[in-house]
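Q: To be precise about what I am sending: the file is called entry_10.cif and holds mmCIF, C-alpha atoms and all ligand atoms.
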data_target
loop_
_atom_site.label_atom_id
_atom_site.label_comp_id
_atom_site.auth_asym_id
_atom_site.auth_seq_id
_atom_site.Cartn_x
_atom_site.Cartn_y
_atom_site.Cartn_z
CA MET A 297 -57.04 59.32 -38.40
CA LEU A 298 -57.54 55.63 -37.69
CA ARG A 299 -54.37 53.53 -37.35
CA PHE A 300 -53.03 50.42 -35.64
CA LEU A 301 -49.81 48.59 -34.83
CA THR A 302 -49.33 44.97 -33.78
CA ALA A 303 -46.46 43.41 -31.84
CA GLY A 304 -45.59 39.91 -30.68
CA GLU A 305 -43.70 36.78 -31.66
CA SER A 306 -45.44 33.53 -32.57
CA HIS A 307 -44.10 31.70 -29.49
CA GLY A 308 -43.64 34.75 -27.26
CA PRO A 309 -45.91 35.57 -24.32
CA ALA A 310 -48.62 37.41 -26.27
CA LEU A 311 -49.74 39.34 -29.33
CA THR A 312 -50.64 42.98 -28.80
CA ALA A 313 -52.44 45.52 -30.98
CA ILE A 314 -52.95 49.21 -30.37
CA ILE A 315 -55.77 50.91 -32.27
CA GLU A 316 -55.85 54.68 -32.30
CA GLY A 317 -58.53 56.93 -33.73
CA LEU A 318 -61.75 55.04 -32.93
CA PRO A 319 -64.67 57.36 -32.23
CA ALA A 320 -65.42 57.88 -28.54
CA GLY A 321 -68.72 56.37 -27.43
CA MET A 322 -68.52 53.30 -29.67
CA PRO A 323 -69.80 50.10 -28.03
CA ILE A 324 -67.25 47.25 -28.10
CA ASP A 325 -68.53 43.67 -28.01
CA VAL A 326 -65.74 41.42 -26.70
CA ALA A 327 -67.69 38.23 -27.43
CA GLN A 328 -67.88 39.23 -31.09
CA ILE A 329 -64.09 39.73 -31.22
CA ASN A 330 -63.59 36.29 -29.65
CA ASN A 331 -65.97 34.76 -32.17
CA GLU A 332 -63.85 36.11 -35.04
CA LEU A 333 -60.69 34.79 -33.36
CA ALA A 334 -62.29 31.34 -33.09
CA ARG A 335 -63.31 31.44 -36.76
CA ARG A 336 -59.68 32.12 -37.74
CA GLN A 337 -58.54 29.04 -35.82
CA ARG A 338 -60.88 26.68 -37.67
CA GLY A 339 -60.40 24.95 -40.99
CA TYR A 340 -59.55 21.42 -42.05
CA GLY A 341 -55.80 21.11 -42.64
CA ARG A 342 -54.47 23.15 -39.76
CA GLY A 343 -51.58 21.82 -37.65
CA GLY A 344 -51.06 20.96 -33.98
CA ARG A 345 -50.71 24.57 -32.82
CA MET A 346 -54.43 25.19 -33.19
CA GLN A 347 -55.10 22.38 -30.68
CA ILE A 348 -53.06 24.33 -28.12
CA GLU A 349 -54.38 27.85 -28.65
CA GLN A 350 -57.86 29.12 -27.73
CA ASP A 351 -57.48 32.73 -28.78
CA ARG A 352 -59.28 35.24 -26.59
CA VAL A 353 -58.86 38.99 -26.44
CA GLU A 354 -58.24 41.12 -23.35
CA ILE A 355 -58.75 44.88 -23.55
CA LEU A 356 -56.17 46.83 -21.55
CA SER A 357 -56.99 50.44 -22.43
CA GLY A 358 -59.29 52.83 -24.25
CA VAL A 359 -62.59 51.19 -23.21
CA ARG A 360 -64.71 51.73 -20.08
CA PHE A 361 -67.87 49.75 -19.33
CA GLY A 362 -67.90 48.38 -22.89
CA VAL A 363 -67.64 51.76 -24.63
CA THR A 364 -64.62 53.50 -26.22
CA ILE A 365 -63.43 56.72 -24.57
CA GLY A 366 -61.33 58.14 -27.43
CA SER A 367 -57.91 57.04 -26.16
CA PRO A 368 -55.84 54.24 -27.79
CA VAL A 369 -57.40 50.78 -27.43
CA THR A 370 -54.93 48.03 -26.49
CA LEU A 371 -55.86 44.46 -27.34
CA VAL A 372 -53.90 41.45 -26.03
CA ILE A 373 -54.11 37.80 -27.08
CA ARG A 374 -52.00 35.52 -24.91
CA ASN A 375 -50.12 32.61 -26.52
CA ARG A 376 -50.90 29.45 -24.58
CA ASP A 377 -47.92 27.80 -26.31
CA TRP A 378 -45.60 30.31 -24.56
CA GLU A 379 -45.33 27.95 -21.57
CA ASN A 380 -43.70 25.36 -23.86
CA TRP A 381 -41.32 27.93 -25.41
CA ARG A 382 -40.18 29.98 -22.38
CA GLN A 383 -36.71 28.46 -22.48
CA ARG A 384 -36.20 29.35 -26.12
CA MET A 385 -38.10 32.61 -26.31
CA ASP A 386 -37.59 34.47 -23.03
CA PRO A 387 -37.00 38.17 -23.74
CA SER A 388 -34.43 38.56 -20.94
CA ALA A 389 -32.52 35.28 -20.44
CA GLY A 390 -31.98 31.80 -21.82
CA ASP A 391 -30.09 30.16 -24.63
CA ASP A 392 -31.41 28.40 -27.71
CA THR A 393 -29.44 25.22 -28.28
CA GLN A 394 -31.41 24.43 -31.42
CA PRO A 395 -30.96 27.43 -33.74
CA VAL A 396 -32.78 27.28 -37.08
CA THR A 397 -30.09 27.40 -39.76
CA ALA A 398 -31.52 25.56 -42.80
CA ALA A 399 -33.76 28.11 -44.51
CA ARG A 400 -37.21 27.04 -45.71
CA PRO A 401 -37.82 27.99 -49.36
CA GLY A 402 -40.95 30.13 -49.46
CA HIS A 403 -40.68 31.43 -45.88
CA ALA A 404 -39.00 34.65 -44.73
CA ASP A 405 -36.08 32.73 -43.15
CA LEU A 406 -33.21 33.42 -45.57
CA ALA A 407 -34.12 36.88 -46.84
CA GLY A 408 -34.79 38.01 -43.26
CA ALA A 409 -31.56 36.49 -41.86
CA ILE A 410 -29.50 38.28 -44.53
CA LYS A 411 -31.26 41.60 -44.06
CA TYR A 412 -31.18 41.63 -40.23
CA ASP A 413 -27.84 39.82 -39.78
CA ARG A 414 -29.33 36.98 -37.69
CA GLN A 415 -27.54 33.63 -37.32
CA ASP A 416 -30.62 31.91 -35.82
CA MET A 417 -33.46 32.24 -38.29
CA ARG A 418 -35.93 31.84 -35.42
CA ASP A 419 -35.31 35.57 -34.89
CA ILE A 420 -37.00 36.06 -38.27
CA LEU A 421 -39.61 33.33 -38.46
CA GLU A 422 -41.16 34.17 -35.09
CA ARG A 423 -42.45 37.47 -36.43
CA ALA A 424 -42.89 36.37 -40.06
CA SER A 425 -45.25 33.67 -38.76
CA ALA A 426 -48.90 34.14 -39.58
CA ARG A 427 -49.59 33.93 -35.85
CA GLU A 428 -49.58 37.74 -36.15
CA THR A 429 -52.81 37.51 -38.11
CA ALA A 430 -54.64 36.69 -34.86
CA ALA A 431 -53.94 40.27 -33.74
CA ARG A 432 -55.13 41.60 -37.08
CA VAL A 433 -58.34 39.60 -36.84
CA ALA A 434 -59.00 41.14 -33.40
CA VAL A 435 -58.41 44.60 -34.88
CA GLY A 436 -60.60 43.72 -37.86
CA ALA A 437 -63.36 42.54 -35.52
CA VAL A 438 -63.43 46.02 -33.98
CA ALA A 439 -63.53 47.51 -37.49
CA LYS A 440 -66.45 45.19 -38.32
CA GLN A 441 -68.36 46.56 -35.32
CA LEU A 442 -67.79 50.09 -36.60
CA LEU A 443 -69.02 49.09 -40.07
CA GLN A 444 -72.07 47.34 -38.63
CA ALA A 445 -73.36 50.68 -37.43
CA ALA A 446 -73.31 51.83 -41.07
CA GLY A 447 -75.07 48.64 -42.24
CA ILE A 448 -71.92 47.18 -43.84
CA THR A 449 -71.14 43.44 -43.45
CA VAL A 450 -68.01 41.60 -44.57
CA ILE A 451 -68.01 37.85 -45.26
CA SER A 452 -65.64 35.44 -47.03
CA HIS A 453 -65.60 32.02 -48.59
CA VAL A 454 -63.09 29.63 -50.12
CA THR A 455 -63.37 29.05 -53.87
CA ASN A 456 -60.36 26.83 -54.54
CA ILE A 457 -58.00 24.53 -52.66
CA GLY A 458 -55.20 22.68 -54.42
CA GLY A 459 -56.74 23.40 -57.84
CA ILE A 460 -60.23 22.11 -56.89
CA TRP A 461 -62.90 24.74 -57.65
CA ALA A 462 -66.03 25.34 -55.59
CA ALA A 463 -69.17 26.70 -57.25
CA ALA A 464 -70.30 29.87 -55.46
CA ASP A 465 -71.32 32.57 -57.92
CA GLY A 466 -74.65 33.27 -56.21
CA ILE A 467 -73.01 34.70 -53.09
CA ARG A 468 -72.02 37.86 -54.93
CA THR A 469 -75.63 38.95 -55.27
CA GLY A 470 -77.72 36.90 -52.85
CA ASP A 471 -78.91 37.18 -49.27
CA MET A 472 -75.90 37.77 -47.03
CA ALA A 473 -77.43 36.26 -43.86
CA ALA A 474 -78.31 33.02 -45.64
CA TRP A 475 -74.78 32.65 -47.03
CA ALA A 476 -73.22 33.41 -43.65
CA SER A 477 -75.24 30.70 -41.90
CA ARG A 478 -74.40 28.12 -44.59
CA LEU A 479 -70.70 28.94 -44.30
CA GLN A 480 -70.82 28.54 -40.52
CA SER A 481 -71.25 24.78 -40.84
CA SER A 482 -68.52 24.22 -43.42
CA ALA A 483 -65.13 22.78 -42.40
CA LEU A 484 -63.45 24.77 -45.15
CA ASN A 485 -65.54 27.98 -45.20
CA CYS A 486 -66.81 26.78 -48.56
CA LEU A 487 -70.31 26.82 -50.11
CA ASP A 488 -69.98 23.77 -52.38
CA ALA A 489 -70.34 20.57 -50.31
CA ASP A 490 -69.14 18.24 -53.11
CA ALA A 491 -66.05 20.32 -53.79
CA GLU A 492 -65.40 20.51 -50.06
CA GLU A 493 -65.22 16.70 -49.79
CA ARG A 494 -62.69 16.57 -52.64
CA MET A 495 -60.70 19.40 -51.09
CA LYS A 496 -60.51 17.53 -47.76
CA GLU A 497 -59.27 14.41 -49.56
CA ALA A 498 -56.63 16.51 -51.33
CA ILE A 499 -55.52 17.94 -47.96
CA ASP A 500 -55.30 14.40 -46.51
CA ARG A 501 -53.19 13.28 -49.48
CA ALA A 502 -50.89 16.28 -49.14
CA ARG A 503 -50.43 15.58 -45.44
CA GLN A 504 -49.60 11.91 -46.13
CA ASP A 505 -47.06 13.01 -48.76
CA GLY A 506 -45.40 15.52 -46.41
CA ASP A 507 -46.66 18.24 -48.75
CA THR A 508 -48.91 21.33 -48.49
CA LEU A 509 -51.63 23.17 -50.45
CA GLY A 510 -52.75 26.73 -51.21
CA GLY A 511 -55.89 28.06 -52.82
CA ILE A 512 -58.20 31.02 -53.41
CA PHE A 513 -60.63 32.89 -51.15
CA GLU A 514 -63.13 35.62 -51.89
CA VAL A 515 -64.24 38.46 -49.62
CA VAL A 516 -67.70 39.94 -50.30
CA VAL A 517 -68.90 43.15 -48.64
CA PHE A 518 -72.65 43.79 -48.41
CA GLY A 519 -74.34 47.12 -47.70
CA VAL A 520 -71.61 49.47 -48.93
CA PHE A 521 -72.96 52.82 -50.06
CA PRO A 522 -71.37 54.78 -52.92
CA GLY A 523 -68.57 57.17 -52.06
CA LEU A 524 -65.89 55.38 -50.00
CA GLY A 525 -62.36 55.97 -51.34
CA SER A 526 -61.48 58.54 -53.96
CA HIS A 527 -60.31 58.90 -57.56
CA VAL A 528 -58.28 62.04 -56.82
CA HIS A 529 -55.01 60.47 -55.68
CA TRP A 530 -53.35 57.04 -55.96
CA ASP A 531 -53.18 56.33 -52.25
CA ARG A 532 -56.86 57.16 -51.71
CA ARG A 533 -58.17 54.66 -54.28
CA LEU A 534 -60.27 52.09 -52.44
CA ASP A 535 -59.35 49.23 -54.81
CA ALA A 536 -55.63 49.93 -54.38
CA ARG A 537 -55.94 50.11 -50.61
CA LEU A 538 -57.92 46.88 -50.41
CA ALA A 539 -55.45 45.09 -52.70
CA GLY A 540 -52.50 46.24 -50.58
CA ALA A 541 -54.18 45.16 -47.37
CA VAL A 542 -55.10 41.72 -48.72
CA MET A 543 -51.63 41.26 -50.24
CA SER A 544 -50.12 41.91 -46.78
CA ILE A 545 -51.55 38.60 -45.51
CA PRO A 546 -48.67 36.09 -45.34
CA ALA A 547 -48.60 33.76 -48.39
CA VAL A 548 -51.08 35.83 -50.46
CA LYS A 549 -49.54 36.26 -53.91
CA GLY A 550 -52.33 37.71 -56.05
CA VAL A 551 -55.41 39.88 -55.57
CA GLU A 552 -58.34 40.47 -57.96
CA VAL A 553 -61.16 42.99 -57.81
CA GLY A 554 -64.46 41.94 -59.40
CA ALA A 555 -63.88 40.16 -62.73
CA GLY A 556 -60.13 40.64 -62.14
CA PHE A 557 -57.95 38.67 -64.56
CA ALA A 558 -61.05 37.45 -66.42
CA TYR A 559 -61.35 40.99 -67.85
CA ALA A 560 -58.57 40.04 -70.29
CA ALA A 561 -61.00 37.87 -72.28
CA LEU A 562 -63.95 40.31 -72.28
CA THR A 563 -64.78 43.17 -74.66
CA GLY A 564 -65.77 46.54 -73.25
CA SER A 565 -69.43 45.88 -73.99
CA GLN A 566 -69.26 42.58 -72.07
CA ALA A 567 -67.14 43.94 -69.24
CA HIS A 568 -68.85 47.07 -67.95
CA ASP A 569 -71.88 47.09 -65.68
CA GLU A 570 -74.74 49.06 -67.27
CA ILE A 571 -76.41 51.72 -65.14
CA PHE A 572 -80.13 51.75 -64.23
CA TYR A 573 -82.25 53.96 -61.99
CA GLU A 574 -85.45 53.29 -60.07
CA ALA A 575 -87.20 55.82 -57.86
CA GLY A 576 -86.82 54.70 -54.22
CA ARG A 577 -84.01 52.29 -55.05
CA GLY A 578 -81.65 54.79 -56.72
CA TYR A 579 -78.93 53.79 -59.19
CA TYR A 580 -78.22 50.10 -59.60
CA ARG A 581 -76.50 47.53 -61.84
CA ARG A 582 -77.62 44.14 -63.10
CA THR A 583 -74.04 42.88 -63.23
CA ASN A 584 -71.07 43.53 -60.94
CA ASN A 585 -67.87 42.87 -62.88
CA ALA A 586 -66.41 46.02 -61.31
CA GLY A 587 -66.57 44.37 -57.88
CA GLY A 588 -68.36 47.40 -56.47
CA MET A 589 -65.66 49.98 -57.26
CA GLU A 590 -65.15 52.41 -60.13
CA GLY A 591 -62.41 55.06 -60.20
CA GLY A 592 -61.23 53.93 -56.78
CA ILE A 593 -64.65 54.78 -55.26
CA SER A 594 -67.31 52.37 -54.02
CA ASN A 595 -70.29 52.52 -56.41
CA GLY A 596 -72.98 51.01 -54.16
CA GLU A 597 -72.75 47.40 -55.37
CA ASN A 598 -71.24 44.64 -53.23
CA LEU A 599 -67.45 44.77 -53.01
CA ILE A 600 -65.73 41.63 -54.36
CA VAL A 601 -62.06 40.94 -53.68
CA ARG A 602 -60.35 37.59 -54.33
CA ALA A 603 -56.89 36.43 -53.33
CA VAL A 604 -54.66 33.46 -54.05
CA MET A 605 -52.60 31.90 -51.25
CA LYS A 606 -49.48 29.94 -52.15
CA PRO A 607 -48.96 26.49 -50.57
CA ILE A 608 -47.59 26.55 -46.99
CA PRO A 609 -43.75 26.71 -47.15
CA THR A 610 -42.92 24.33 -44.25
CA LEU A 611 -42.82 20.83 -45.74
CA MET A 612 -42.49 17.59 -43.76
CA ARG A 613 -40.74 16.23 -46.86
CA PRO A 614 -38.35 19.19 -47.03
CA LEU A 615 -36.99 20.88 -50.14
CA ALA A 616 -33.31 21.43 -50.87
CA SER A 617 -31.74 24.31 -48.99
CA VAL A 618 -28.46 25.56 -47.54
CA ASP A 619 -27.25 25.72 -43.93
CA ILE A 620 -26.37 29.36 -43.27
CA ARG A 621 -23.58 28.41 -40.79
CA THR A 622 -21.68 26.05 -43.11
CA LYS A 623 -23.01 27.09 -46.55
CA GLN A 624 -23.36 23.34 -47.20
CA ALA A 625 -26.42 21.79 -48.79
CA ALA A 626 -29.04 20.84 -46.19
CA ALA A 627 -32.69 19.80 -46.12
CA ALA A 628 -34.92 22.76 -45.18
CA ALA A 629 -35.91 23.03 -41.51
CA ARG A 630 -39.07 21.23 -40.41
CA GLU A 631 -41.39 22.62 -37.76
CA ARG A 632 -44.88 21.71 -36.69
CA SER A 633 -47.01 23.30 -39.39
CA ASP A 634 -50.31 23.67 -41.18
CA VAL A 635 -50.94 21.63 -44.35
CA CYS A 636 -53.49 24.12 -45.68
CA ALA A 637 -54.67 27.40 -44.12
CA VAL A 638 -56.81 28.95 -46.88
CA PRO A 639 -60.00 29.05 -44.70
CA ALA A 640 -58.07 30.87 -41.95
CA ALA A 641 -56.56 33.27 -44.51
CA ALA A 642 -60.10 34.04 -45.70
CA VAL A 643 -61.08 35.15 -42.19
CA VAL A 644 -57.95 37.31 -42.09
CA GLY A 645 -59.03 38.67 -45.49
CA GLU A 646 -62.34 39.78 -43.97
CA ALA A 647 -60.47 41.52 -41.15
CA VAL A 648 -58.11 43.50 -43.36
CA VAL A 649 -60.92 44.48 -45.74
CA ALA A 650 -63.03 45.61 -42.77
CA TRP A 651 -60.13 47.70 -41.52
CA VAL A 652 -59.64 49.52 -44.83
CA LEU A 653 -63.38 50.21 -45.06
CA ALA A 654 -63.47 51.51 -41.48
CA GLU A 655 -60.61 53.88 -42.32
CA ALA A 656 -62.41 55.08 -45.46
CA LEU A 657 -65.66 55.52 -43.52
CA LEU A 658 -64.05 57.71 -40.85
CA GLU A 659 -62.15 59.72 -43.48
CA LYS A 660 -65.44 60.52 -45.17
CA PHE A 661 -67.56 61.20 -42.10
CA GLY A 662 -65.14 62.19 -39.32
CA GLY A 663 -64.61 60.07 -36.28
CA ASP A 664 -64.28 61.87 -32.94
CA ALA A 665 -67.65 60.94 -31.50
CA TRP A 666 -69.88 57.94 -32.21
CA ASP A 667 -73.14 59.93 -32.34
CA ASP A 668 -71.63 62.56 -34.70
CA LEU A 669 -70.64 59.71 -37.02
CA GLN A 670 -74.18 58.29 -37.07
CA VAL A 671 -75.65 61.73 -37.85
CA ALA A 672 -73.15 62.29 -40.68
CA ILE A 673 -73.90 58.87 -42.21
CA ASP A 674 -77.67 59.41 -41.94
CA TYR A 675 -77.40 62.82 -43.62
CA TYR A 676 -75.31 61.39 -46.45
CA ARG A 677 -77.70 58.48 -46.99
CA ARG A 678 -80.59 60.95 -47.31
CA ARG A 679 -78.63 63.17 -49.69
CA ILE A 680 -77.76 60.38 -52.14
CA ARG A 681 -81.18 58.71 -52.04
C1 LIG B 701 -53.46 31.66 -41.55
C2 LIG B 701 -52.11 31.31 -42.05
C3 LIG B 701 -51.44 30.20 -41.53
C4 LIG B 701 -50.17 29.86 -41.99
N1 LIG B 701 -49.57 28.75 -41.46
C5 LIG B 701 -48.33 28.43 -41.86
C6 LIG B 701 -47.66 27.29 -41.32
O1 LIG B 701 -48.19 26.59 -40.48
N2 LIG B 701 -46.41 27.02 -41.76
C7 LIG B 701 -45.78 27.79 -42.69
O2 LIG B 701 -44.65 27.51 -43.07
N3 LIG B 701 -46.40 28.87 -43.24
C8 LIG B 701 -47.64 29.20 -42.85
N4 LIG B 701 -48.26 30.30 -43.42
C9 LIG B 701 -47.60 31.04 -44.48
C10 LIG B 701 -46.37 31.80 -44.03
O3 LIG B 701 -46.65 32.57 -42.89
C11 LIG B 701 -45.86 32.70 -45.17
O4 LIG B 701 -45.70 31.95 -46.32
C12 LIG B 701 -44.52 33.31 -44.77
O5 LIG B 701 -44.74 34.26 -43.75
C13 LIG B 701 -43.76 33.94 -45.92
O6 LIG B 701 -44.42 35.08 -46.39
P1 LIG B 701 -44.87 35.23 -47.90
O7 LIG B 701 -45.48 33.93 -48.27
O8 LIG B 701 -45.85 36.33 -47.89
O9 LIG B 701 -43.65 35.48 -48.73
C14 LIG B 701 -49.54 30.65 -42.98
C15 LIG B 701 -50.21 31.77 -43.50
C16 LIG B 701 -51.48 32.09 -43.06
C17 LIG B 701 -52.17 33.29 -43.63
C1 LIG B 702 -49.84 30.03 -34.90
C2 LIG B 702 -50.55 30.23 -36.00
O1 LIG B 702 -50.17 29.88 -37.24
C3 LIG B 702 -48.86 29.46 -37.43
C4 LIG B 702 -48.36 30.12 -38.67
C5 LIG B 702 -47.03 29.58 -39.03
C6 LIG B 702 -46.26 30.33 -40.00
O2 LIG B 702 -45.08 29.97 -40.23
O3 LIG B 702 -46.77 31.29 -40.59
C7 LIG B 702 -46.56 28.38 -38.48
C8 LIG B 702 -47.33 27.57 -37.50
O4 LIG B 702 -46.92 27.87 -36.17
P1 LIG B 702 -46.31 26.77 -35.18
O5 LIG B 702 -44.88 26.62 -35.63
O6 LIG B 702 -46.39 27.34 -33.81
O7 LIG B 702 -47.11 25.52 -35.34
C9 LIG B 702 -48.80 27.94 -37.55
O8 LIG B 702 -49.49 27.30 -36.52
C10 LIG B 702 -51.86 30.88 -35.97
O9 LIG B 702 -52.44 31.00 -37.07
O10 LIG B 702 -52.31 31.27 -34.89
#
Would you mind writing the structure in this file as structure tokens?
Ligand SMILES: Cc1cc2nc3c(=O)[nH]c(=O)nc-3n(C[C@H](O)[C@H](O)[C@H](O)COP(=O)(O)O)c2cc1C
Ligand SMILES: C=C(O[C@@H]1CC(C(=O)O)=C[C@@H](OP(=O)(O)O)[C@H]1O)C(=O)O
A:
Amino acid sequence: MLRFLTAGESHGPALTAIIEGLPAGMPIDVAQINNELARRQRGYGRGGRMQIEQDRVEILSGVRFGVTIGSPVTLVIRNRDWENWRQRMDPSAGDDTQPVTAARPGHADLAGAIKYDRQDMRDILERASARETAARVAVGAVAKQLLQAAGITVISHVTNIGGIWAAADGIRTGDMAAWASRLQSSALNCLDADAEERMKEAIDRARQDGDTLGGIFEVVVFGVFPGLGSHVHWDRRLDARLAGAVMSIPAVKGVEVGAGFAYAALTGSQAHDEIFYEAGRGYYRRTNNAGGMEGGISNGENLIVRAVMKPIPTLMRPLASVDIRTKQAAAAARERSDVCAVPAAAVVGEAVVAWVLAEALLEKFGGDAWDDLQVAIDYYRRRIR
């Protein structure tokens, strides 16, 4: 069984992840993990924190000479900002003279303070912060390396920021490598250069107004063979597991698979992807409204998962709130913050999708030893050809 936990506060010393259940003998490329961490830090509209951090992973266990040995793998990402927060975040001593008491609508502050009986909402926001997604991207980067060996690649792109749509339909069927290299040069992880300019202007306007923006990103998975996930029980359905994983990204409020909510306006004959067969190629579809999954099982087409991110809750022109000490009206707390983080959320989306697929892959093929896994995948590929 493949599983992971993360720990760490946003302004604490470090983020930590422990991955258990990786096959022994799997090569781990640290540079590739760091590349994913750097991708998550990019994106027009991010705040001052990303100028401070230069996320890099350290591996503390489970790997020798670049290869897994079957024991739990510990990943650590140190917070450079910790030096500036020691006084207020030290685990053993210190005293915060600036408690956060005016809850930000849209953040975890108030609900978390009530639930955990905290008078300083920093005790909540430090862990609710999407800083945690750096650890998940490191974990996802390891999952991506596992998937690579099976020929599966996960990419993402931004389709909407602040209501501005980017044209990008071709990516769902085209050449993955070409899309990936085009996305590399985009400030917003977006394929439509005109839309990107308008999105950047909208982000500038929001920043000037003390406001924030959300948007939509899409994750596309190339090279998936049929048979990951299962129809036999609710918690084995691949679509359900992917939706849950993507919904767990802070600020994600909706997830679609394939045609998603557009299905409402289609008839059955328009909606479903007709089945064809060609010797050598096998079964295939000319459309992919299903987003590569039927009955909770991958069907061999590209996986397509979209998610909407709500606007960032911390506003420089704060909304009305209440001070939890006095119960008097107060402007919501202001902290250094992003104006828009949809491109970063898209990279996190790739990571969580990669993780779910890695889990499903090992469930299907077993995962004690790297070479056993390759043999099992090769056999299966031959069988379904
Ligand atoms: C990559 C990323 C960066 C984020 N940056 C900020 C930020 O700078 N300020 C903020 O208030 N919220 C930010 N958020 C959103 C909050 O973390 C999120 O809204 C909060 O944890 C409440 O959770 P919920 O929106 O899922 O209810 C970010 C989210 C992501 C995915
Ligand atoms: C630190 C990250 O994102 C943070 C997510 C976040 C939030 O409230 O979710 C608030 C901001 O943190 P800070 O208050 O330190 O500026 C973001 O920068 C990161 O993505 O690595």
Q: What lies within 8 Å of A:Pro309 using all atoms listed in the file, ignoring chain neighbours under 5 positions off, as a PyMOL selection string?
A: chain A and resi 304+374-376+378
Q: Smallest atom-to-atom distance to A:Phe521: which of A:Thr610, A:Gln383, A:Thr449, A:Ser367, using all atoms listed in the file?
A: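 With all atoms listed in the file as the atom set, the closest residue is A:Thr449.
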Q: Using all atoms listed in the file, determine which residues lie at most 12 Å from A:Arg632, disregarding the query and same-chain residues fewer than 2 positions distant; provide the list as JSON, numbers by chain.
A: {"A": [342, 343, 344, 345, 346, 347, 506, 608, 609, 610, 611, 612, 629, 630, 634, 635]}
Q: Would you compute the distance between atom CA of A:Arg360 and atom CA of A:Arg335? Give it in Å to one decimal.
A: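 Interatomic distance, atom CA of A:Arg360 to atom CA of A:Arg335: 26.3 Å.
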Q: Using Å and a single decimal, report how far atom CA of A:Cys486 sits from atom CA of A:Val454.
A: 4.9 Å
